[in-house]
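Visitor: First, the structure itself, so that you have it in front of you.
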Amino acid sequence: MRLYADTADHELIREYTRYGVLDGVTTNPSIVAATDGTYRETITSIAELIDGPVFAQVLAEDAAGMIEQARAYDEWAEDVIVKLPATRAGYETLDRVRTEGIRAGITVVFSLSQAVLAAKNDATFVAPYVARLTDAGEDGVDVAAAIGEAFDAYGYDTEVLAASVRNEFQVRRLYRAGIDAITLAPAVFEAQFDHRGTEEGLAGFREAWGERGDPLATRAETEVESEAETGTEVNAGAETGTGTEAGIRE
Ligand code: G3P
């Protein structure tokens, strides 16, 4: 299973990489438009940050323009995957660039049929738009799952990459369906880490441990600390002949 971040935010990409959970970064024209860089600068700067693919979407609407952009993106960095739209020009471009060995797939997918056509053309991935399908009255997670089942039945290697995922409930359903890959915007990505039950559980452990201090402390260090806190000497009992060397071992 691969998890991608749908963002161009360098800080977040670094952060998720530190947690060891990030397999790549997806972008789309809206995400790139919100940066200060050129299209190329944005894509190449992300590619430098991660050990995994960065997905870059073409903007042209005709096949000739898409082919030109796909070839250029492919040269920008070692691990670029080209996103083509689920349009006739997109499929024509896919057919052409895949025979050239360029990694590319189909995005903005709204049906099983669009996904199967892409897989027939050896798409690297297809990206069903889960929440937008749900907005349109379908169950987006079911559509993504059906695409995965069809690909398994036909033996296609094309990755099912669930996109447009807007909440943690959808994420959990996608996990249960065994979807190959999911891309998440930062707010949804972060929601995966947090749970009130975890916070409450940890608060209980902190309370139970109280002021006992460093769990790595040796017995001697613990005793010195407790002497300092209570103002007593641990082996004070030795003077009266009732103590032991450590003063507390009896
Ligand atoms: O990568 C596709 C995604 O960004 C679209 O998400 O929430 O606009 O449907 P959304």
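Convention: chains lettered A, B, ... in structure tokens order; per-chain residue numbering from 1; ligands numbered from 1 as shown.
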Kindly work out which residues sit at most 7 Å from ligand 1, using only C-alpha atoms and all ligand atoms, and give the list as a PyMOL selection string.

Guide: chain A and resi 6+26-28+129+131-132+163-166+183+185

Visitor: Go ahead and write the residues just picked, C-alpha atoms, as a PDB file, in the first residue's frame.

Guide:
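Saved to part37.pdb:
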ATOM      1  CA  ASP A   6      -1.458  15.833  -2.175  1.00  0.00           C
ATOM      2  CA  THR A  26       0.896  14.141  -5.933  1.00  0.00           C
ATOM      3  CA  THR A  27       0.214  17.563  -7.359  1.00  0.00           C
ATOM      4  CA  ASN A  28      -2.417  18.992  -9.659  1.00  0.00           C
ATOM      5  CA  TYR A 129     -12.012  10.951  -7.470  1.00  0.00           C
ATOM      6  CA  ALA A 131     -15.290  12.407  -2.676  1.00  0.00           C
ATOM      7  CA  ARG A 132     -16.378  14.040  -5.911  1.00  0.00           C
ATOM      8  CA  ALA A 163      -7.753  10.827  -4.904  1.00  0.00           C
ATOM      9  CA  SER A 164     -10.194  13.483  -3.730  1.00  0.00           C
ATOM     10  CA  VAL A 165     -10.446  11.846  -0.312  1.00  0.00           C
ATOM     11  CA  ARG A 166     -11.878  14.323   2.156  1.00  0.00           C
ATOM     12  CA  THR A 183      -3.314  10.511  -1.863  1.00  0.00           C
ATOM     13  CA  ALA A 185      -4.476  16.556   1.368  1.00  0.00           C
TER      14      ALA A 185
END

Visitor: Give me, as a list in words, all polymer residues having an atom no more than 8 Å from Val141 of chain A, counting only C-alpha atoms and skipping those fewer than 6 positions away in the same chain.

Guide: Val130, Gln170, Arg173 and Leu174 of chain A

Visitor: Can I get the selected residues back with N, CA and C atoms, as a PDB file, in the first residue's frame?

Guide:
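As written to disk, part.pdb reads:
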ATOM      1  N   VAL A 130     -12.702  10.054  -5.356  1.00  0.00           N
ATOM      2  CA  VAL A 130     -13.629   9.437  -4.407  1.00  0.00           C
ATOM      3  C   VAL A 130     -14.704  10.397  -3.892  1.00  0.00           C
ATOM      4  N   GLN A 170     -13.514   8.013   4.992  1.00  0.00           N
ATOM      5  CA  GLN A 170     -13.244   7.489   3.648  1.00  0.00           C
ATOM      6  C   GLN A 170     -11.892   6.773   3.614  1.00  0.00           C
ATOM      7  N   ARG A 173     -12.245   3.307   5.043  1.00  0.00           N
ATOM      8  CA  ARG A 173     -12.958   2.404   4.111  1.00  0.00           C
ATOM      9  C   ARG A 173     -12.050   2.002   2.943  1.00  0.00           C
ATOM     10  N   LEU A 174     -11.221   2.935   2.492  1.00  0.00           N
ATOM     11  CA  LEU A 174     -10.286   2.602   1.405  1.00  0.00           C
ATOM     12  C   LEU A 174      -9.258   1.579   1.876  1.00  0.00           C
TER      13      LEU A 174
END

Visitor: Counting only C-alpha atoms, figure out which residue out of A:Gly101, A:Arg14, A:Val21, A:Thr230 gets nearest to Phe189 of chain A.

Guide: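 Of A:Gly101, A:Arg14, A:Val21, A:Thr230, the one nearest Phe189 of chain A is A:Val21, counting only C-alpha atoms.
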
Visitor: Using only C-alpha atoms, which residues of segment 93-210 of chain A come within 12 Å of segment 42-66 of chain A, and what is the closest atom pair for each, with the distance in Å to one decimal? Give it as JSON lines, sorted by chain and residue number.

Guide:
{"residue": "A:Thr93", "atom": "CA", "partner": "A:Ala63", "partner_atom": "CA", "distance": 5.5}
{"residue": "A:Leu94", "atom": "CA", "partner": "A:Ala63", "partner_atom": "CA", "distance": 9.1}
{"residue": "A:Asp95", "atom": "CA", "partner": "A:Ala63", "partner_atom": "CA", "distance": 10.4}
{"residue": "A:Arg96", "atom": "CA", "partner": "A:Ala63", "partner_atom": "CA", "distance": 9.4}
{"residue": "A:Val97", "atom": "CA", "partner": "A:Met66", "partner_atom": "CA", "distance": 9.6}
{"residue": "A:Arg103", "atom": "CA", "partner": "A:Phe55", "partner_atom": "CA", "distance": 9.8}
{"residue": "A:Ala104", "atom": "CA", "partner": "A:Phe55", "partner_atom": "CA", "distance": 8.8}
{"residue": "A:Gly105", "atom": "CA", "partner": "A:Phe55", "partner_atom": "CA", "distance": 9.5}
{"residue": "A:Ile106", "atom": "CA", "partner": "A:Gln57", "partner_atom": "CA", "distance": 9.5}
{"residue": "A:Thr107", "atom": "CA", "partner": "A:Gln57", "partner_atom": "CA", "distance": 8.5}
{"residue": "A:Val108", "atom": "CA", "partner": "A:Gln57", "partner_atom": "CA", "distance": 10.6}
{"residue": "A:Thr124", "atom": "CA", "partner": "A:Phe55", "partner_atom": "CA", "distance": 11.0}
{"residue": "A:Phe125", "atom": "CA", "partner": "A:Phe55", "partner_atom": "CA", "distance": 10.4}
{"residue": "A:Val126", "atom": "CA", "partner": "A:Phe55", "partner_atom": "CA", "distance": 11.9}
{"residue": "A:Ala127", "atom": "CA", "partner": "A:Phe55", "partner_atom": "CA", "distance": 11.3}
{"residue": "A:Leu161", "atom": "CA", "partner": "A:Phe55", "partner_atom": "CA", "distance": 11.4}
{"residue": "A:Thr183", "atom": "CA", "partner": "A:Phe55", "partner_atom": "CA", "distance": 10.6}

Visitor: Report as a PyMOL selection string: the residues of segment 59-211 of chain A with a DSSP assignment of alpha helix (DSSP H), based on the backbone of this structure.

Guide: chain A and resi 63-76+88-99+112-120+130-135+140-154+168-176+186-191+196-209

Visitor: Could you please write out, as an NGL selection string, every residue of segment 26-244 of chain A that DSSP assigns to strand (DSSP E or B)?

Guide: :A and (26 or 54-57 or 80-85 or 104-109 or 125-129 or 159-163 or 181-184)

Visitor: Output the selection as a PDB file, in the first residue's frame - N, CA and C atoms for each residue.

Guide:
ATOM      1  N   THR A  26       1.702  13.834  -4.751  1.00  0.00           N
ATOM      2  CA  THR A  26       0.896  14.141  -5.933  1.00  0.00           C
ATOM      3  C   THR A  26       0.649  15.649  -5.974  1.00  0.00           C
ATOM      4  N   VAL A  54       7.021  11.951  -7.807  1.00  0.00           N
ATOM      5  CA  VAL A  54       6.201  13.158  -7.736  1.00  0.00           C
ATOM      6  C   VAL A  54       5.335  13.143  -8.994  1.00  0.00           C
ATOM      7  N   PHE A  55       4.036  13.315  -8.783  1.00  0.00           N
ATOM      8  CA  PHE A  55       3.072  13.260  -9.882  1.00  0.00           C
ATOM      9  C   PHE A  55       2.824  14.678 -10.397  1.00  0.00           C
ATOM     10  N   ALA A  56       2.915  14.854 -11.717  1.00  0.00           N
ATOM     11  CA  ALA A  56       2.727  16.183 -12.320  1.00  0.00           C
ATOM     12  C   ALA A  56       1.702  16.078 -13.447  1.00  0.00           C
ATOM     13  N   GLN A  57       0.724  16.950 -13.403  1.00  0.00           N
ATOM     14  CA  GLN A  57      -0.405  16.859 -14.351  1.00  0.00           C
ATOM     15  C   GLN A  57      -0.211  17.779 -15.559  1.00  0.00           C
ATOM     16  N   VAL A  80       9.433  11.207 -11.942  1.00  0.00           N
ATOM     17  CA  VAL A  80       8.195  11.944 -12.223  1.00  0.00           C
ATOM     18  C   VAL A  80       7.188  10.989 -12.868  1.00  0.00           C
ATOM     19  N   ILE A  81       5.943  11.040 -12.399  1.00  0.00           N
ATOM     20  CA  ILE A  81       4.863  10.294 -13.052  1.00  0.00           C
ATOM     21  C   ILE A  81       3.888  11.326 -13.613  1.00  0.00           C
ATOM     22  N   VAL A  82       3.573  11.187 -14.890  1.00  0.00           N
ATOM     23  CA  VAL A  82       2.735  12.182 -15.578  1.00  0.00           C
ATOM     24  C   VAL A  82       1.256  11.837 -15.396  1.00  0.00           C
ATOM     25  N   LYS A  83       0.495  12.849 -15.016  1.00  0.00           N
ATOM     26  CA  LYS A  83      -0.962  12.702 -14.879  1.00  0.00           C
ATOM     27  C   LYS A  83      -1.640  13.250 -16.135  1.00  0.00           C
ATOM     28  N   LEU A  84      -2.449  12.416 -16.736  1.00  0.00           N
ATOM     29  CA  LEU A  84      -3.206  12.799 -17.930  1.00  0.00           C
ATOM     30  C   LEU A  84      -4.681  12.730 -17.591  1.00  0.00           C
ATOM     31  N   PRO A  85      -5.489  13.618 -18.163  1.00  0.00           N
ATOM     32  CA  PRO A  85      -6.911  13.589 -17.818  1.00  0.00           C
ATOM     33  C   PRO A  85      -7.642  12.452 -18.527  1.00  0.00           C
ATOM     34  N   ALA A 104       3.086   7.173 -16.860  1.00  0.00           N
ATOM     35  CA  ALA A 104       1.940   8.092 -16.932  1.00  0.00           C
ATOM     36  C   ALA A 104       0.659   7.325 -16.632  1.00  0.00           C
ATOM     37  N   GLY A 105      -0.319   8.066 -16.104  1.00  0.00           N
ATOM     38  CA  GLY A 105      -1.605   7.441 -15.815  1.00  0.00           C
ATOM     39  C   GLY A 105      -2.727   8.429 -16.029  1.00  0.00           C
ATOM     40  N   ILE A 106      -3.915   7.994 -15.683  1.00  0.00           N
ATOM     41  CA  ILE A 106      -5.114   8.784 -15.960  1.00  0.00           C
ATOM     42  C   ILE A 106      -5.741   9.265 -14.654  1.00  0.00           C
ATOM     43  N   THR A 107      -6.031  10.565 -14.624  1.00  0.00           N
ATOM     44  CA  THR A 107      -6.605  11.165 -13.420  1.00  0.00           C
ATOM     45  C   THR A 107      -7.988  11.757 -13.714  1.00  0.00           C
ATOM     46  N   VAL A 108      -8.635  12.218 -12.645  1.00  0.00           N
ATOM     47  CA  VAL A 108     -10.007  12.743 -12.721  1.00  0.00           C
ATOM     48  C   VAL A 108     -10.928  11.646 -13.285  1.00  0.00           C
ATOM     49  N   VAL A 109     -10.771  10.448 -12.711  1.00  0.00           N
ATOM     50  CA  VAL A 109     -11.532   9.281 -13.158  1.00  0.00           C
ATOM     51  C   VAL A 109     -12.842   9.206 -12.378  1.00  0.00           C
ATOM     52  N   PHE A 125      -1.023   4.360 -13.332  1.00  0.00           N
ATOM     53  CA  PHE A 125      -2.020   4.477 -12.259  1.00  0.00           C
ATOM     54  C   PHE A 125      -3.331   4.975 -12.863  1.00  0.00           C
ATOM     55  N   VAL A 126      -4.404   4.801 -12.130  1.00  0.00           N
ATOM     56  CA  VAL A 126      -5.647   5.542 -12.416  1.00  0.00           C
ATOM     57  C   VAL A 126      -6.095   6.157 -11.104  1.00  0.00           C
ATOM     58  N   ALA A 127      -6.617   7.366 -11.178  1.00  0.00           N
ATOM     59  CA  ALA A 127      -7.004   8.079  -9.957  1.00  0.00           C
ATOM     60  C   ALA A 127      -8.501   8.364  -9.926  1.00  0.00           C
ATOM     61  N   PRO A 128      -9.289   7.461  -9.312  1.00  0.00           N
ATOM     62  CA  PRO A 128     -10.707   7.779  -9.109  1.00  0.00           C
ATOM     63  C   PRO A 128     -10.858   8.888  -8.083  1.00  0.00           C
ATOM     64  N   TYR A 129     -11.786   9.807  -8.358  1.00  0.00           N
ATOM     65  CA  TYR A 129     -12.012  10.951  -7.470  1.00  0.00           C
ATOM     66  C   TYR A 129     -13.119  10.595  -6.469  1.00  0.00           C
ATOM     67  N   GLU A 159      -1.849   0.826 -10.937  1.00  0.00           N
ATOM     68  CA  GLU A 159      -2.132   1.159  -9.527  1.00  0.00           C
ATOM     69  C   GLU A 159      -3.452   1.937  -9.416  1.00  0.00           C
ATOM     70  N   VAL A 160      -4.289   1.517  -8.490  1.00  0.00           N
ATOM     71  CA  VAL A 160      -5.505   2.291  -8.198  1.00  0.00           C
ATOM     72  C   VAL A 160      -5.123   3.312  -7.135  1.00  0.00           C
ATOM     73  N   LEU A 161      -5.168   4.580  -7.511  1.00  0.00           N
ATOM     74  CA  LEU A 161      -4.721   5.665  -6.624  1.00  0.00           C
ATOM     75  C   LEU A 161      -5.948   6.509  -6.250  1.00  0.00           C
ATOM     76  N   ALA A 162      -6.485   6.275  -5.096  1.00  0.00           N
ATOM     77  CA  ALA A 162      -7.680   7.022  -4.675  1.00  0.00           C
ATOM     78  C   ALA A 162      -7.303   8.477  -4.406  1.00  0.00           C
ATOM     79  N   ALA A 163      -7.985   9.386  -5.096  1.00  0.00           N
ATOM     80  CA  ALA A 163      -7.753  10.827  -4.904  1.00  0.00           C
ATOM     81  C   ALA A 163      -9.067  11.480  -4.515  1.00  0.00           C
ATOM     82  N   ALA A 181      -3.240   2.568  -3.446  1.00  0.00           N
ATOM     83  CA  ALA A 181      -2.587   3.822  -3.062  1.00  0.00           C
ATOM     84  C   ALA A 181      -3.650   4.877  -2.785  1.00  0.00           C
ATOM     85  N   ILE A 182      -3.312   5.781  -1.892  1.00  0.00           N
ATOM     86  CA  ILE A 182      -4.236   6.873  -1.563  1.00  0.00           C
ATOM     87  C   ILE A 182      -3.419   8.159  -1.498  1.00  0.00           C
ATOM     88  N   THR A 183      -3.955   9.214  -2.062  1.00  0.00           N
ATOM     89  CA  THR A 183      -3.314  10.511  -1.863  1.00  0.00           C
ATOM     90  C   THR A 183      -4.219  11.374  -0.997  1.00  0.00           C
ATOM     91  N   LEU A 184      -3.589  12.067  -0.049  1.00  0.00           N
ATOM     92  CA  LEU A 184      -4.361  12.816   0.932  1.00  0.00           C
ATOM     93  C   LEU A 184      -3.863  14.248   1.044  1.00  0.00           C
TER      94      LEU A 184
END

Visitor: Just the number, please: distance in Å from atom CA of Tyr19 of chain A to atom CA of Ala177 of chain A, one decimal.

Guide: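 Value for the atom CA of Tyr19 of chain A-atom CA of Ala177 of chain A distance: 24.1 Å.
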
Visitor: If we count only C-alpha atoms, what is near Phe193 of chain A at a cut-off of 12 Å, once residues fewer than 4 positions away on the same chain are taken out, given as a list in words?

Guide: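 After dropping sequence-adjacent residues, the list is Tyr16, Tyr19, Val21, Glu168, Pro186, Ala187, Val188, Phe189, Gly197, Thr198 and Glu199 of chain A.
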
Visitor: Just give me the gap between atom CA of Ala72 of chain A and atom CA of Met1 of chain A in Å, one decimal is fine.

Guide: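 Spanning atom CA of Ala72 of chain A to atom CA of Met1 of chain A is a straight-line distance of 28.7 Å.
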